[in-house]
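Right, one structure below, let's go through it.
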Amino acid sequence: MPELSNEQQQSARERTLQLFRFLKAYAERRESLKRTLAEHEWVLRLRDLPAHPCVVVGHVLLNSGAEDPNEGAGNGTLLTIRRPRLTDPPKPPKVLEDWLEKGWQDPNGEIRVRAEMHVRRGNDTVTEAFAADEQRPVALAEWRARWEAWAQSERPARAAMKAFERLYQLYSRIGLESERVELMLGDGQLRWQRDSERIDHPVLLQRVQLEFDADVPELRLTDADRAPELYGALLTSPDGLPPQQLTQLRRELETRGYHPLEREATDGFLKRVAQLLGSRGVFRPDPLGGPITADPVIERDPVLFLRLRVLGYSAAFDRVLEELESADVEIPSALMRLVGIEPPPSEPEGETELHSPWGEPPDILLSKPANAEQIAIARALERHRAVQVQGPPGTGKSHTIANLIGHLVANGKRVLVTSHTTKALRVLRQHIVEPLRPLAVAVLENDLEGRQQMEEAVRQILAKLTESSERLTKDVESLSADRAKLNAAIDEVTRDLETARAAEYRPTAEAAPRTPLQAALQCCGESRKGPALASAFA
């Protein structure tokens, strides 16, 4: 079969990506728009991270000569936070222990002593001043110098620990809510009072992922293998960018792959965005803050924030984009035609070997009784890798899925079945044939039934592993031979039936050739009741 050239394949991929990006942007117009960072559930500006050796913010170098425009963006770890080693404050002298007030254990606190204190003198209680003992002020001055040296070096470590703990909590939350939230790295903070709308949000967005190395321990922030985004919903309005300019900026972003942690090239891109937003648009390479005015201002101020995943059509288009951005995914021929690339004609599929309607094809190993439609689904699945089967309740979808599970397992495949409801999985498990049912484990529940299924699966697997491989091979060969014999016998009976049925229509060896049916009708017509019978057959 003729194949597409590399240039055609690249063109088809770029056009398809552009199509679904447009569809996603169009769908997002109906969704709630976040105009300020305060509207997000979790925000951390990178400039607020403490200066400590355990906290390292990386940088990105764009590779302008790479064939892939995204190659070189985010090459390496964007942020590393290692758990710092904390130390205790120097122990105060014994003469000071009773005189110190709380707070000296914290490096951000201060040393305070009581001016006077009630002490016991024999049977009496008297008030004694701190300076009454000359050793106390001397010991305090000496210990204070050691404490301040400790506090100065310990404050960044405590701040680094707070940042580490905060990101670790975020890491745990993302693990629990990965289908609901996603972590974003943003830059190009747009600060703009547009009519009645107050905008204070980054416009250049990059999806990132948080990884945890328990051996160090250390948290690492890396790119999520997704292209950068331009938050176009903030830029379009009667006073914002026209659609044509926004499209040009998005194409430039797709081509160059600007990154929130890259400086020079991203500076130029964000500067163009600021100047396109208005005649008094301003770009600042560093955040200066101040009040938000009617003049659009874009500042470089990298920030991490947790964004809610979009739902509906926008989420569906985003999943398609995630698949299309992978270089290993082939563009379907239907999408190629949709974007104006005509795929080469495919070779006609070979004729399927005919088999008896009462038997089974040799290459299909269904575990339950099947009809021609289920056999066609199994063959289509092998050819096209994906088959969509629809039908109302009660039409045999669960039976078909259970049959396909048996076929796939017989061919050495592992099968994952997902469903919106647990009830559907329970029903499907009952449709699986008894020998395979112990291996079907529901892993979405923590109830007693799920644990029992897991234990039964482990016992069945161990039982199979303990059997001799030679015995299992012989069993497979014996069953395959028996199946082949049964299919051969069915085929032979089918041929005999076909011969018998066809004999009714073969001409007889007479002077005037007639079929057996014609001869019978003629004989019936010549008898006493023949005319009525012949008329009925006519």
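Identifiers in the structure tokens: chain A, B, ... in order shown; residue index from 1 per chain; ligand index from 1 in order shown.
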
inquiry  = Which residues are near A:His201? Cut-off 6 Å, only C-alpha atoms, ignore same chain within fewer than 2 positions. Put them as a PyMOL selection string.
reply    = chain A and resi 35-37+189-190

ask   = Which of stretch 208-350 of chain A counts as helix (DSSP H, G or I) under DSSP, as number ranges by chain please?
value = A: 232-235, 243-256, 264-277, 313-324, 333-338

inquiry  = Show me, as a ChimeraX atom specification, the residues that have an atom within 12 Å of A:Asp213 when counting only C-alpha atoms, minus same-chain residues fewer than 3 positions from it.
reply    = /A:80-83,168,171,210,216-221

request  = Grab the atom CA of A:His420 to atom CA of A:Lys24 distance for me, in Å with one decimal place.
outcome  = 24.1 Å

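Going from atom CA of A:Gly289 over to atom CA of A:Val57, you cover 21.9 Å.
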
message = Which residues are close to A:Phe317, i.e. within 8 Å by only C-alpha atoms, leaving aside same-chain residues fewer than 4 positions away? Reply as a ChimeraX atom specification.
response = /A:20-21,23-24,313,321

Save out the residues we just selected, N, CA and C atoms, as a PDB file, in the first residue's frame.
```
ATOM      1  N   PHE A  20      -8.628  20.819  16.073  1.00  0.00           N
ATOM      2  CA  PHE A  20      -9.136  20.507  17.407  1.00  0.00           C
ATOM      3  C   PHE A  20      -8.795  21.606  18.410  1.00  0.00           C
ATOM      4  N   ARG A  21      -7.728  22.347  18.189  1.00  0.00           N
ATOM      5  CA  ARG A  21      -7.475  23.496  19.055  1.00  0.00           C
ATOM      6  C   ARG A  21      -8.553  24.562  18.867  1.00  0.00           C
ATOM      7  N   LEU A  23     -11.653  23.908  17.904  1.00  0.00           N
ATOM      8  CA  LEU A  23     -12.869  23.384  18.517  1.00  0.00           C
ATOM      9  C   LEU A  23     -12.827  23.509  20.039  1.00  0.00           C
ATOM     10  N   LYS A  24     -11.654  23.273  20.625  1.00  0.00           N
ATOM     11  CA  LYS A  24     -11.525  23.415  22.073  1.00  0.00           C
ATOM     12  C   LYS A  24     -11.729  24.871  22.490  1.00  0.00           C
ATOM     13  N   TYR A 313     -17.544  19.206  26.073  1.00  0.00           N
ATOM     14  CA  TYR A 313     -16.875  19.139  24.786  1.00  0.00           C
ATOM     15  C   TYR A 313     -15.420  19.591  24.886  1.00  0.00           C
ATOM     16  N   LEU A 321      -6.544  16.157  21.648  1.00  0.00           N
ATOM     17  CA  LEU A 321      -5.282  16.869  21.433  1.00  0.00           C
ATOM     18  C   LEU A 321      -4.127  16.166  22.141  1.00  0.00           C
TER      19      LEU A 321
END
```

Surrounding residues of A:Pro260 excluding itself and chain neighbours under 3 positions, 9 Å, only C-alpha atoms, as an NGL selection string = :A and (59-60 or 185-188 or 204-206 or 228 or 263 or 266 or 300-303)

key: All residues 12 Å or closer to A:Leu365, only C-alpha atoms, same chain fewer than 5 positions away omitted, as a ChimeraX atom specification   = /A:359-360,370,374-375,378-379,403-412,479-480,483-484

Restrict the selected residues to N, CA and C atoms and save them as a PDB file, in the first residue's frame.
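After the write, again_4.pdb holds the following:
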```
ATOM      1  N   GLY A 359     -20.485 -23.845  12.733  1.00  0.00           N
ATOM      2  CA  GLY A 359     -19.173 -24.018  13.343  1.00  0.00           C
ATOM      3  C   GLY A 359     -18.561 -22.677  13.697  1.00  0.00           C
ATOM      4  N   GLU A 360     -17.233 -22.673  13.893  1.00  0.00           N
ATOM      5  CA  GLU A 360     -16.501 -21.469  14.261  1.00  0.00           C
ATOM      6  C   GLU A 360     -15.314 -21.296  13.330  1.00  0.00           C
ATOM      7  N   ALA A 370     -21.916 -17.881  19.892  1.00  0.00           N
ATOM      8  CA  ALA A 370     -21.792 -16.602  19.185  1.00  0.00           C
ATOM      9  C   ALA A 370     -22.569 -16.647  17.888  1.00  0.00           C
ATOM     10  N   GLN A 374     -21.033 -11.239  16.179  1.00  0.00           N
ATOM     11  CA  GLN A 374     -19.943 -11.248  17.159  1.00  0.00           C
ATOM     12  C   GLN A 374     -18.633 -11.676  16.517  1.00  0.00           C
ATOM     13  N   ILE A 375     -18.690 -12.609  15.594  1.00  0.00           N
ATOM     14  CA  ILE A 375     -17.482 -13.006  14.871  1.00  0.00           C
ATOM     15  C   ILE A 375     -16.963 -11.840  14.041  1.00  0.00           C
ATOM     16  N   ALA A 378     -15.135  -9.412  16.336  1.00  0.00           N
ATOM     17  CA  ALA A 378     -13.795  -9.887  16.711  1.00  0.00           C
ATOM     18  C   ALA A 378     -12.799  -9.667  15.582  1.00  0.00           C
ATOM     19  N   ARG A 379     -13.223  -9.947  14.338  1.00  0.00           N
ATOM     20  CA  ARG A 379     -12.309  -9.742  13.204  1.00  0.00           C
ATOM     21  C   ARG A 379     -12.047  -8.253  12.959  1.00  0.00           C
ATOM     22  N   ASN A 403     -17.760 -12.543  25.482  1.00  0.00           N
ATOM     23  CA  ASN A 403     -17.231 -13.402  24.432  1.00  0.00           C
ATOM     24  C   ASN A 403     -15.894 -12.869  23.922  1.00  0.00           C
ATOM     25  N   LEU A 404     -15.810 -11.560  23.733  1.00  0.00           N
ATOM     26  CA  LEU A 404     -14.558 -10.962  23.265  1.00  0.00           C
ATOM     27  C   LEU A 404     -13.448 -11.105  24.301  1.00  0.00           C
ATOM     28  N   ILE A 405     -13.802 -11.028  25.582  1.00  0.00           N
ATOM     29  CA  ILE A 405     -12.798 -11.234  26.632  1.00  0.00           C
ATOM     30  C   ILE A 405     -12.192 -12.626  26.513  1.00  0.00           C
ATOM     31  N   GLY A 406     -13.046 -13.642  26.326  1.00  0.00           N
ATOM     32  CA  GLY A 406     -12.526 -14.997  26.146  1.00  0.00           C
ATOM     33  C   GLY A 406     -11.632 -15.110  24.932  1.00  0.00           C
ATOM     34  N   HIS A 407     -12.035 -14.485  23.818  1.00  0.00           N
ATOM     35  CA  HIS A 407     -11.221 -14.529  22.595  1.00  0.00           C
ATOM     36  C   HIS A 407      -9.866 -13.860  22.807  1.00  0.00           C
ATOM     37  N   LEU A 408      -9.846 -12.688  23.448  1.00  0.00           N
ATOM     38  CA  LEU A 408      -8.597 -11.953  23.651  1.00  0.00           C
ATOM     39  C   LEU A 408      -7.675 -12.678  24.634  1.00  0.00           C
ATOM     40  N   VAL A 409      -8.249 -13.207  25.709  1.00  0.00           N
ATOM     41  CA  VAL A 409      -7.429 -13.944  26.679  1.00  0.00           C
ATOM     42  C   VAL A 409      -6.843 -15.187  26.034  1.00  0.00           C
ATOM     43  N   ALA A 410      -7.629 -15.868  25.178  1.00  0.00           N
ATOM     44  CA  ALA A 410      -7.118 -17.063  24.493  1.00  0.00           C
ATOM     45  C   ALA A 410      -5.949 -16.730  23.568  1.00  0.00           C
ATOM     46  N   ASN A 411      -5.885 -15.490  23.112  1.00  0.00           N
ATOM     47  CA  ASN A 411      -4.782 -15.062  22.260  1.00  0.00           C
ATOM     48  C   ASN A 411      -3.662 -14.383  23.042  1.00  0.00           C
ATOM     49  N   GLY A 412      -3.646 -14.563  24.368  1.00  0.00           N
ATOM     50  CA  GLY A 412      -2.557 -14.044  25.191  1.00  0.00           C
ATOM     51  C   GLY A 412      -2.655 -12.574  25.523  1.00  0.00           C
ATOM     52  N   LEU A 479      -6.937 -30.042  23.152  1.00  0.00           N
ATOM     53  CA  LEU A 479      -8.171 -29.294  22.951  1.00  0.00           C
ATOM     54  C   LEU A 479      -8.228 -28.687  21.561  1.00  0.00           C
ATOM     55  N   SER A 480      -7.111 -28.219  21.057  1.00  0.00           N
ATOM     56  CA  SER A 480      -7.090 -27.650  19.711  1.00  0.00           C
ATOM     57  C   SER A 480      -7.399 -28.712  18.669  1.00  0.00           C
ATOM     58  N   ARG A 483     -11.085 -29.497  18.835  1.00  0.00           N
ATOM     59  CA  ARG A 483     -11.850 -28.424  18.208  1.00  0.00           C
ATOM     60  C   ARG A 483     -11.767 -28.502  16.689  1.00  0.00           C
ATOM     61  N   ALA A 484     -10.579 -28.805  16.188  1.00  0.00           N
ATOM     62  CA  ALA A 484     -10.414 -28.918  14.739  1.00  0.00           C
ATOM     63  C   ALA A 484     -11.243 -30.085  14.186  1.00  0.00           C
TER      64      ALA A 484
END
```

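With only C-alpha atoms as the atoms that count, the minimum distance from A:Ile341 to the choices A:Ser398, A:Asn6, A:Gln430, A:Ser11 is reached by A:Ser11.
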
message = Can you pull out the residues contacting A:His40? Cut-off 12 Å, using only C-alpha atoms, and skip same-chain residues under 6 positions away; I want them as a list of chain:residue names.
response = A:Leu33, A:Lys34, A:Val181, A:Glu182, A:Leu183, A:Met184, A:Asp200, A:His201, A:Val303, A:Leu304, A:Phe305, A:Leu306, A:Arg307, A:Leu308, A:Arg309

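Minimum atom-to-atom distances from A:Arg429, A:Glu211, A:Thr400, A:Asp286 to A:Arg47 were compared using only C-alpha atoms, and the lowest value belongs to A:Asp286.
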
Strand (DSSP E) per DSSP on the backbone: members of stretch 17-192 of chain A, as a ChimeraX atom specification = /A:42-45,55-57,79-82,116-121,124-129,181-192

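For the pair atom CA of A:Leu234 and atom CA of A:Phe283, the interatomic distance is 16.4 Å.
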